[in-house]
file data-v2.tsv (TSV, C-alpha atoms)
chain	number	residue	atom	x	y	z
E	1	ASP	CA	12.31	20.22	-13.39
E	2	ILE	CA	11.51	20.85	-9.76
E	3	ILE	CA	14.55	18.83	-8.64
E	4	SER	CA	16.86	21.42	-10.20
E	5	LEU	CA	15.43	24.12	-7.95
E	6	THR	CA	17.45	25.09	-4.92
E	7	PRO	CA	16.24	26.27	-1.53
E	8	ARG	CA	16.19	30.02	-1.09
E	9	PRO	CA	15.05	32.43	1.61
E	10	LEU	CA	11.36	33.15	1.78
E	11	ARG	CA	10.44	36.36	0.00
E	12	PRO	CA	7.04	38.10	0.20
E	13	GLU	CA	6.39	37.54	-3.51
E	14	ASP	CA	7.15	33.80	-3.39
E	15	PRO	CA	4.01	31.61	-3.36
E	16	PHE	CA	5.96	28.42	-2.58
E	17	ILE	CA	8.87	27.34	-0.43
E	18	ILE	CA	11.33	24.68	-1.59
E	19	THR	CA	13.27	22.77	1.04
E	20	LYS	CA	15.78	19.93	0.60
E	21	SER	CA	17.40	17.51	2.97
E	22	GLU	CA	21.13	17.94	3.41
E	23	ASP	CA	21.86	14.92	1.19
E	24	GLU	CA	19.35	16.27	-1.39
E	25	ALA	CA	17.47	12.97	-1.46
E	26	VAL	CA	14.20	14.52	-0.28
E	27	ILE	CA	12.65	17.73	-1.57
E	28	ILE	CA	9.44	19.29	-0.31
E	29	VAL	CA	7.50	22.10	-1.93
E	30	TYR	CA	4.73	23.84	-0.01
E	31	ASP	CA	2.58	26.92	0.00
E	32	ARG	CA	3.85	29.41	2.56
E	33	ASP	CA	0.26	30.32	3.38
E	34	VAL	CA	-0.64	26.83	4.64
E	35	ALA	CA	2.50	25.77	6.51
E	36	PRO	CA	5.26	27.37	8.57
E	37	ASP	CA	8.91	26.95	7.62
E	38	LEU	CA	9.59	23.22	7.48
E	39	SER	CA	12.83	21.28	7.63
E	40	VAL	CA	13.84	17.87	6.26
E	41	VAL	CA	16.57	16.03	8.16
E	42	VAL	CA	17.85	12.47	8.43
E	43	THR	CA	16.78	10.98	11.77
E	44	ASP	CA	19.37	10.32	14.44
E	45	ASP	CA	20.66	6.77	14.96
E	46	THR	CA	18.60	6.14	18.09
E	47	THR	CA	15.31	7.10	16.44
E	48	ALA	CA	16.21	5.23	13.26
E	49	HIS	CA	16.92	2.05	15.23
E	50	PHE	CA	13.65	2.29	17.17
E	51	VAL	CA	11.40	2.81	14.15
E	52	SER	CA	13.33	0.22	12.13
E	53	LEU	CA	12.19	-2.38	14.65
E	54	ALA	CA	8.60	-1.49	13.80
E	55	ALA	CA	9.31	-2.02	10.10
E	56	ASP	CA	10.81	-5.43	10.85
E	57	SER	CA	7.70	-6.40	12.82
E	58	GLN	CA	5.56	-5.49	9.79
E	59	ASP	CA	7.72	-7.49	7.34
E	60	LEU	CA	8.80	-4.28	5.62
E	61	THR	CA	12.35	-3.71	4.37
E	62	LEU	CA	13.67	-0.17	4.71
E	63	VAL	CA	15.66	0.73	1.58
E	64	THR	CA	16.44	4.39	2.33
E	65	LYS	CA	17.34	6.59	5.24
E	66	ILE	CA	14.49	7.82	7.44
E	67	TYR	CA	13.66	11.49	7.05
E	68	ASP	CA	11.95	13.73	9.55
E	69	ILE	CA	9.80	16.55	8.16
E	70	SER	CA	9.22	18.91	11.05
E	71	PRO	CA	7.94	20.64	13.05
E	72	ASP	CA	4.98	18.45	13.99
E	73	ILE	CA	1.79	20.12	12.87
E	74	LEU	CA	-1.59	19.18	14.25
E	75	GLY	CA	-4.30	18.51	11.69
E	76	ALA	CA	-4.02	18.17	7.94
E	77	PHE	CA	-2.97	20.80	5.46
E	78	ASP	CA	-5.72	22.14	3.24
E	79	THR	CA	-3.22	22.21	0.38
E	80	PRO	CA	-0.98	19.11	0.33
E	81	LEU	CA	2.77	19.43	0.38
E	82	GLU	CA	4.59	17.94	-2.56
E	83	MET	CA	7.45	15.58	-1.78
E	84	ILE	CA	10.04	14.23	-4.20
E	85	PHE	CA	11.99	11.31	-2.78
E	86	LEU	CA	15.03	10.19	-4.79
E	87	TYR	CA	16.36	6.64	-4.51
E	88	ASP	CA	19.25	4.57	-5.81
E	89	PRO	CA	17.90	1.73	-7.97
E	90	ALA	CA	21.06	-0.28	-7.32
E	91	THR	CA	19.98	-0.72	-3.69
E	92	ILE	CA	16.41	-1.77	-4.47
E	93	PRO	CA	15.70	-5.31	-5.74
E	94	ASN	CA	12.25	-4.54	-7.09
E	95	GLU	CA	11.30	-0.93	-7.84
E	96	GLU	CA	7.69	-1.94	-8.54
E	97	ALA	CA	7.37	-2.93	-4.88
E	98	ILE	CA	8.50	0.45	-3.50
E	99	GLN	CA	6.13	1.92	-0.94
E	100	LEU	CA	6.25	5.36	0.69
E	101	VAL	CA	5.46	5.14	4.39
E	102	ASN	CA	5.18	7.42	7.37
E	103	TYR	CA	5.59	6.50	11.02
E	104	ASN	CA	2.61	6.82	13.35
E	105	PRO	CA	3.87	7.34	16.93
E	106	SER	CA	0.39	6.68	18.33
E	107	THR	CA	0.34	3.10	17.04
E	108	GLY	CA	4.08	2.51	16.79
E	109	LEU	CA	3.61	1.33	13.22
E	110	TRP	CA	4.50	2.45	9.72
E	111	GLU	CA	1.52	3.43	7.57
E	112	LEU	CA	1.18	3.69	3.81
E	113	VAL	CA	1.09	7.18	2.33
E	114	GLN	CA	-2.06	7.17	0.25
E	115	ASP	CA	-1.20	9.62	-2.53
E	116	PHE	CA	2.09	8.74	-4.20
E	117	GLU	CA	3.49	7.35	-7.43
E	118	VAL	CA	6.77	5.67	-8.29
E	119	ASP	CA	8.62	7.18	-11.25
E	120	VAL	CA	10.99	4.35	-12.16
E	121	LEU	CA	12.38	6.21	-15.19
E	122	ASN	CA	13.74	8.98	-12.98
E	123	ASN	CA	14.31	6.89	-9.83
E	124	ARG	CA	12.04	8.92	-7.62
E	125	VAL	CA	8.78	8.82	-5.72
E	126	ILE	CA	6.41	11.77	-5.96
E	127	ALA	CA	3.85	12.24	-3.21
E	128	ARG	CA	1.26	14.66	-1.89
E	129	LEU	CA	1.47	14.89	1.89
E	130	THR	CA	-1.15	16.24	4.26
E	131	HIS	CA	0.90	16.15	7.46
E	132	THR	CA	4.45	16.08	8.80
E	133	SER	CA	6.05	12.92	10.15
E	134	LEU	CA	8.94	10.49	9.69
E	135	PHE	CA	9.07	9.20	6.10
E	136	ALA	CA	10.97	6.43	4.34
E	137	LEU	CA	10.83	4.14	1.35
E	138	VAL	CA	10.29	0.45	2.00
E	139	ILE	CA	9.94	-2.72	-0.03
E	140	ASP	CA	6.97	-4.95	0.72
E	141	LEU	CA	7.52	-8.46	-0.65
E	142	THR	CA	5.01	-10.21	1.60
E	143	PRO	CA	1.93	-11.56	-0.21
E	144	PRO	CA	-1.57	-11.21	1.23
E	145	GLU	CA	-3.01	-14.01	3.32
E	146	VAL	CA	-6.25	-15.66	2.22
E	147	LYS	CA	-8.26	-17.96	4.48
E	148	ILE	CA	-11.31	-19.77	3.14
E	149	VAL	CA	-13.94	-20.62	5.74
E	150	ARG	CA	-16.79	-21.89	3.55
E	151	PRO	CA	-17.75	-23.85	1.55
E	152	VAL	CA	-16.35	-26.93	3.23
E	153	ALA	CA	-15.86	-30.39	1.81
E	154	GLY	CA	-19.08	-32.35	1.40
E	155	THR	CA	-22.07	-32.91	-0.84
E	156	VAL	CA	-24.78	-30.39	-1.67
E	157	SER	CA	-28.09	-30.87	-3.44
E	158	ILE	CA	-28.95	-28.55	-6.29
E	159	PHE	CA	-32.61	-28.90	-5.30
E	160	SER	CA	-32.55	-28.03	-1.60
E	161	ASP	CA	-29.16	-26.64	-0.56
E	162	SER	CA	-27.27	-23.39	-1.02
E	163	VAL	CA	-23.54	-22.76	-0.93
E	164	SER	CA	-22.26	-20.20	1.59
E	165	ILE	CA	-19.25	-18.10	0.60
E	166	SER	CA	-17.01	-16.97	3.46
E	167	PHE	CA	-13.33	-15.99	3.42
E	168	THR	CA	-10.90	-13.41	4.78
E	169	VAL	CA	-8.15	-11.48	3.00
E	170	THR	CA	-5.52	-9.74	5.11
E	171	ASP	CA	-2.13	-8.20	4.48
E	172	ASN	CA	0.93	-7.32	6.51
E	173	PHE	CA	0.40	-3.72	5.47
E	174	ALA	CA	-2.53	-1.40	4.88
E	175	PRO	CA	-4.67	-0.95	2.89
E	176	ALA	CA	-6.47	-4.26	2.51
E	177	PRO	CA	-5.54	-5.90	-0.80
E	178	GLU	CA	-7.91	-6.14	-3.71
E	179	HIS	CA	-9.30	-9.57	-4.44
E	180	THR	CA	-11.55	-11.60	-6.69
E	181	ALA	CA	-13.39	-14.81	-5.85
E	182	PHE	CA	-15.07	-17.45	-7.95
E	183	LEU	CA	-16.47	-20.95	-7.78
E	184	LYS	CA	-14.72	-23.28	-10.20
E	185	HIS	CA	-16.27	-26.38	-11.72
E	186	ILE	CA	-13.29	-28.72	-11.69
E	187	PRO	CA	-14.31	-31.06	-14.56
E	188	THR	CA	-14.96	-28.25	-17.07
E	189	GLY	CA	-13.06	-25.26	-15.64
E	190	GLU	CA	-16.23	-23.16	-15.79
E	191	THR	CA	-16.40	-20.41	-13.15
E	192	ILE	CA	-18.98	-18.30	-11.33
E	193	ALA	CA	-17.95	-14.96	-9.80
E	194	VAL	CA	-18.94	-14.70	-6.13
E	195	ALA	CA	-18.57	-12.30	-3.21
E	196	ASN	CA	-17.77	-12.81	0.44
E	197	GLY	CA	-20.94	-13.48	2.44
E	198	GLU	CA	-22.93	-14.51	-0.60
E	199	GLU	CA	-25.35	-17.46	-0.67
E	200	ILE	CA	-25.30	-19.34	-3.97
E	201	SER	CA	-28.40	-21.35	-4.88
E	202	ASP	CA	-29.18	-23.77	-7.68
E	203	LEU	CA	-31.21	-21.03	-9.39
E	204	GLN	CA	-28.01	-19.25	-10.41
E	205	ALA	CA	-26.56	-20.18	-13.76
E	206	GLY	CA	-23.67	-22.59	-13.63
E	207	LEU	CA	-24.13	-24.25	-10.27
E	208	ARG	CA	-26.59	-26.60	-11.94
E	209	LEU	CA	-23.53	-28.39	-13.30
E	210	THR	CA	-23.08	-31.51	-11.21
E	211	GLY	CA	-19.70	-32.73	-10.06
E	212	ASP	CA	-16.86	-31.26	-8.04
E	213	TRP	CA	-16.51	-27.54	-7.30
E	214	ARG	CA	-14.20	-25.41	-5.21
E	215	LEU	CA	-13.88	-21.78	-4.19
E	216	VAL	CA	-10.83	-19.88	-5.46
E	217	VAL	CA	-9.76	-16.48	-4.07
E	218	VAL	CA	-7.05	-14.37	-5.70
E	219	ALA	CA	-5.65	-11.33	-3.83
E	220	GLU	CA	-3.10	-8.67	-4.75
E	221	ASP	CA	-1.73	-5.87	-2.57
E	222	ARG	CA	-0.57	-2.43	-3.70
E	223	ALA	CA	3.03	-3.60	-4.02
E	224	GLY	CA	1.96	-6.24	-6.56
E	225	ASN	CA	2.33	-9.25	-4.25
E	226	LYS	CA	-0.23	-11.90	-5.17
E	227	ALA	CA	-1.76	-14.85	-3.36
E	228	THR	CA	-4.16	-17.54	-4.56
E	229	GLN	CA	-6.03	-19.87	-2.22
E	230	GLU	CA	-8.20	-22.80	-3.23
E	231	GLY	CA	-10.85	-24.14	-0.88
E	232	ASP	CA	-12.09	-27.62	-0.13
E	233	VAL	CA	-13.72	-29.58	-2.93
E	234	PHE	CA	-17.47	-29.93	-2.56
E	235	THR	CA	-19.68	-32.07	-4.77
E	236	VAL	CA	-22.94	-31.02	-6.37

call {"tool": "encode", "arguments": {"input": "data-v2.tsv", "output": "structure tokens"}}
result
Amino acid sequence: DIISLTPRPLRPEDPFIITKSEDEAVIIVYDRDVAPDLSVVVTDDTTAHFVSLAADSQDLTLVTKIYDISPDILGAFDTPLEMIFLYDPATIPNEEAIQLVNYNPSTGLWELVQDFEVDVLNNRVIARLTHTSLFALVIDLTPPEVKIVRPVAGTVSIFSDSVSISFTVTDNFAPAPEHTAFLKHIPTGETIAVANGEEISDLQAGLRLTGDWRLVVVAEDRAGNKATQEGDVFTV
């Protein structure tokens, strides 16, 4: 197992370098041909306080120390670094909601690392990194926000009117959450899948059912937080 490996001086025959933080919570493995010698250290208290404020503003809960992989390197690595980030499950209320983030000094915000997986059996996060930065594990327990714009309450004619579909789905954290949307016929429970921006006419199967309908949008972010929003009732 890579975690059992210990850091050692770079030798000409070694294809990879293994570096650990002093507390051995973070391990990075990288090709010596694509990166200079890197270090992993816990950030100082002043930096930690500053970037923690950003996490608070994004409704993210830091559940580990903040680690600085340095030096700063411009551009992305052609071959990603591998990071192994160990965590204590006793300090984390919901391991399924763990997110690996890095701090972007240009925006002053934490951003989601795109290529990572949570190994709950071994209490670790494994990631492929393409740049150096500040890294931490956070818990995101904030559900997405869904706002339905149309259809609005009222009456539509199946002979002359169409139904406009318009809604927004946002989240406190990138990337935008996945979502599904459908029109629901309230008396029968029958549904029609729809998409944002779509115009639904009477020619489409299902909407010929008269009675009350409403738009329902269901969204889920990467952390598994879900939100369901039901729109105004309109009558066909």

call {"tool": "closest_residue", "arguments": {"input": "data-v2.tsv", "among": "E:Glu82, E:Asp221, E:Asp161, E:Asp140", "to": "Ile200 in chain E", "atoms": "all atoms listed in the file"}}
result
E:Asp161

call {"tool": "closest_residue", "arguments": {"input": "data-v2.tsv", "among": "E:Thr142, E:Thr19, E:Asn123, E:Thr107", "to": "Thr61 in chain E", "atoms": "only C-alpha atoms"}}
result
E:Thr142

call {"tool": "atom_distance", "arguments": {"input": "data-v2.tsv", "atom1": "CA of Gly197 in chain E", "atom2": "CA of Ser162 in chain E"}}
result
12.3 Å

call {"tool": "atom_distance", "arguments": {"input": "data-v2.tsv", "atom1": "CA of Asp171 in chain E", "atom2": "CA of Arg128 in chain E"}}
result
24.0 Å

call {"tool": "atom_distance", "arguments": {"input": "data-v2.tsv", "atom1": "CA of Tyr30 in chain E", "atom2": "CA of Ile126 in chain E"}}
result
13.6 Å

call {"tool": "closest_residue", "arguments": {"input": "data-v2.tsv", "among": "E:Ser166, E:Val156, E:Val149, E:Ile98", "to": "Ala223 in chain E", "atoms": "only C-alpha atoms"}}
result
E:Ile98

call {"tool": "closest_residue", "arguments": {"input": "data-v2.tsv", "among": "E:His185, E:Leu141, E:Thr64, E:Ile148", "to": "Val125 in chain E", "atoms": "all atoms listed in the file"}}
result
E:Thr64

call {"tool": "closest_residue", "arguments": {"input": "data-v2.tsv", "among": "E:Tyr87, E:Leu129, E:Leu60, E:Ala136", "to": "Val42 in chain E", "atoms": "only C-alpha atoms"}}
result
E:Ala136

call {"tool": "residues_near_point", "arguments": {"input": "data-v2.tsv", "point": "(14.9, -3.0, -7.7)", "cutoff": "12 Å", "atoms": "only C-alpha atoms", "output": "ChimeraX atom specification"}}
result
/E:63,87-98,118,120,123,138-141

call {"tool": "closest_residue", "arguments": {"input": "data-v2.tsv", "among": "E:Phe167, E:Tyr67, E:Phe50, E:Phe116", "to": "Thr132 in chain E", "atoms": "only C-alpha atoms"}}
result
E:Tyr67

call {"tool": "residues_around", "arguments": {"input": "data-v2.tsv", "residues": "Val152 in chain E", "least_positions_apart": "2", "cutoff": "7 Å", "atoms": "only C-alpha atoms", "output": "ChimeraX atom specification"}}
result
/E:150,154,232,234
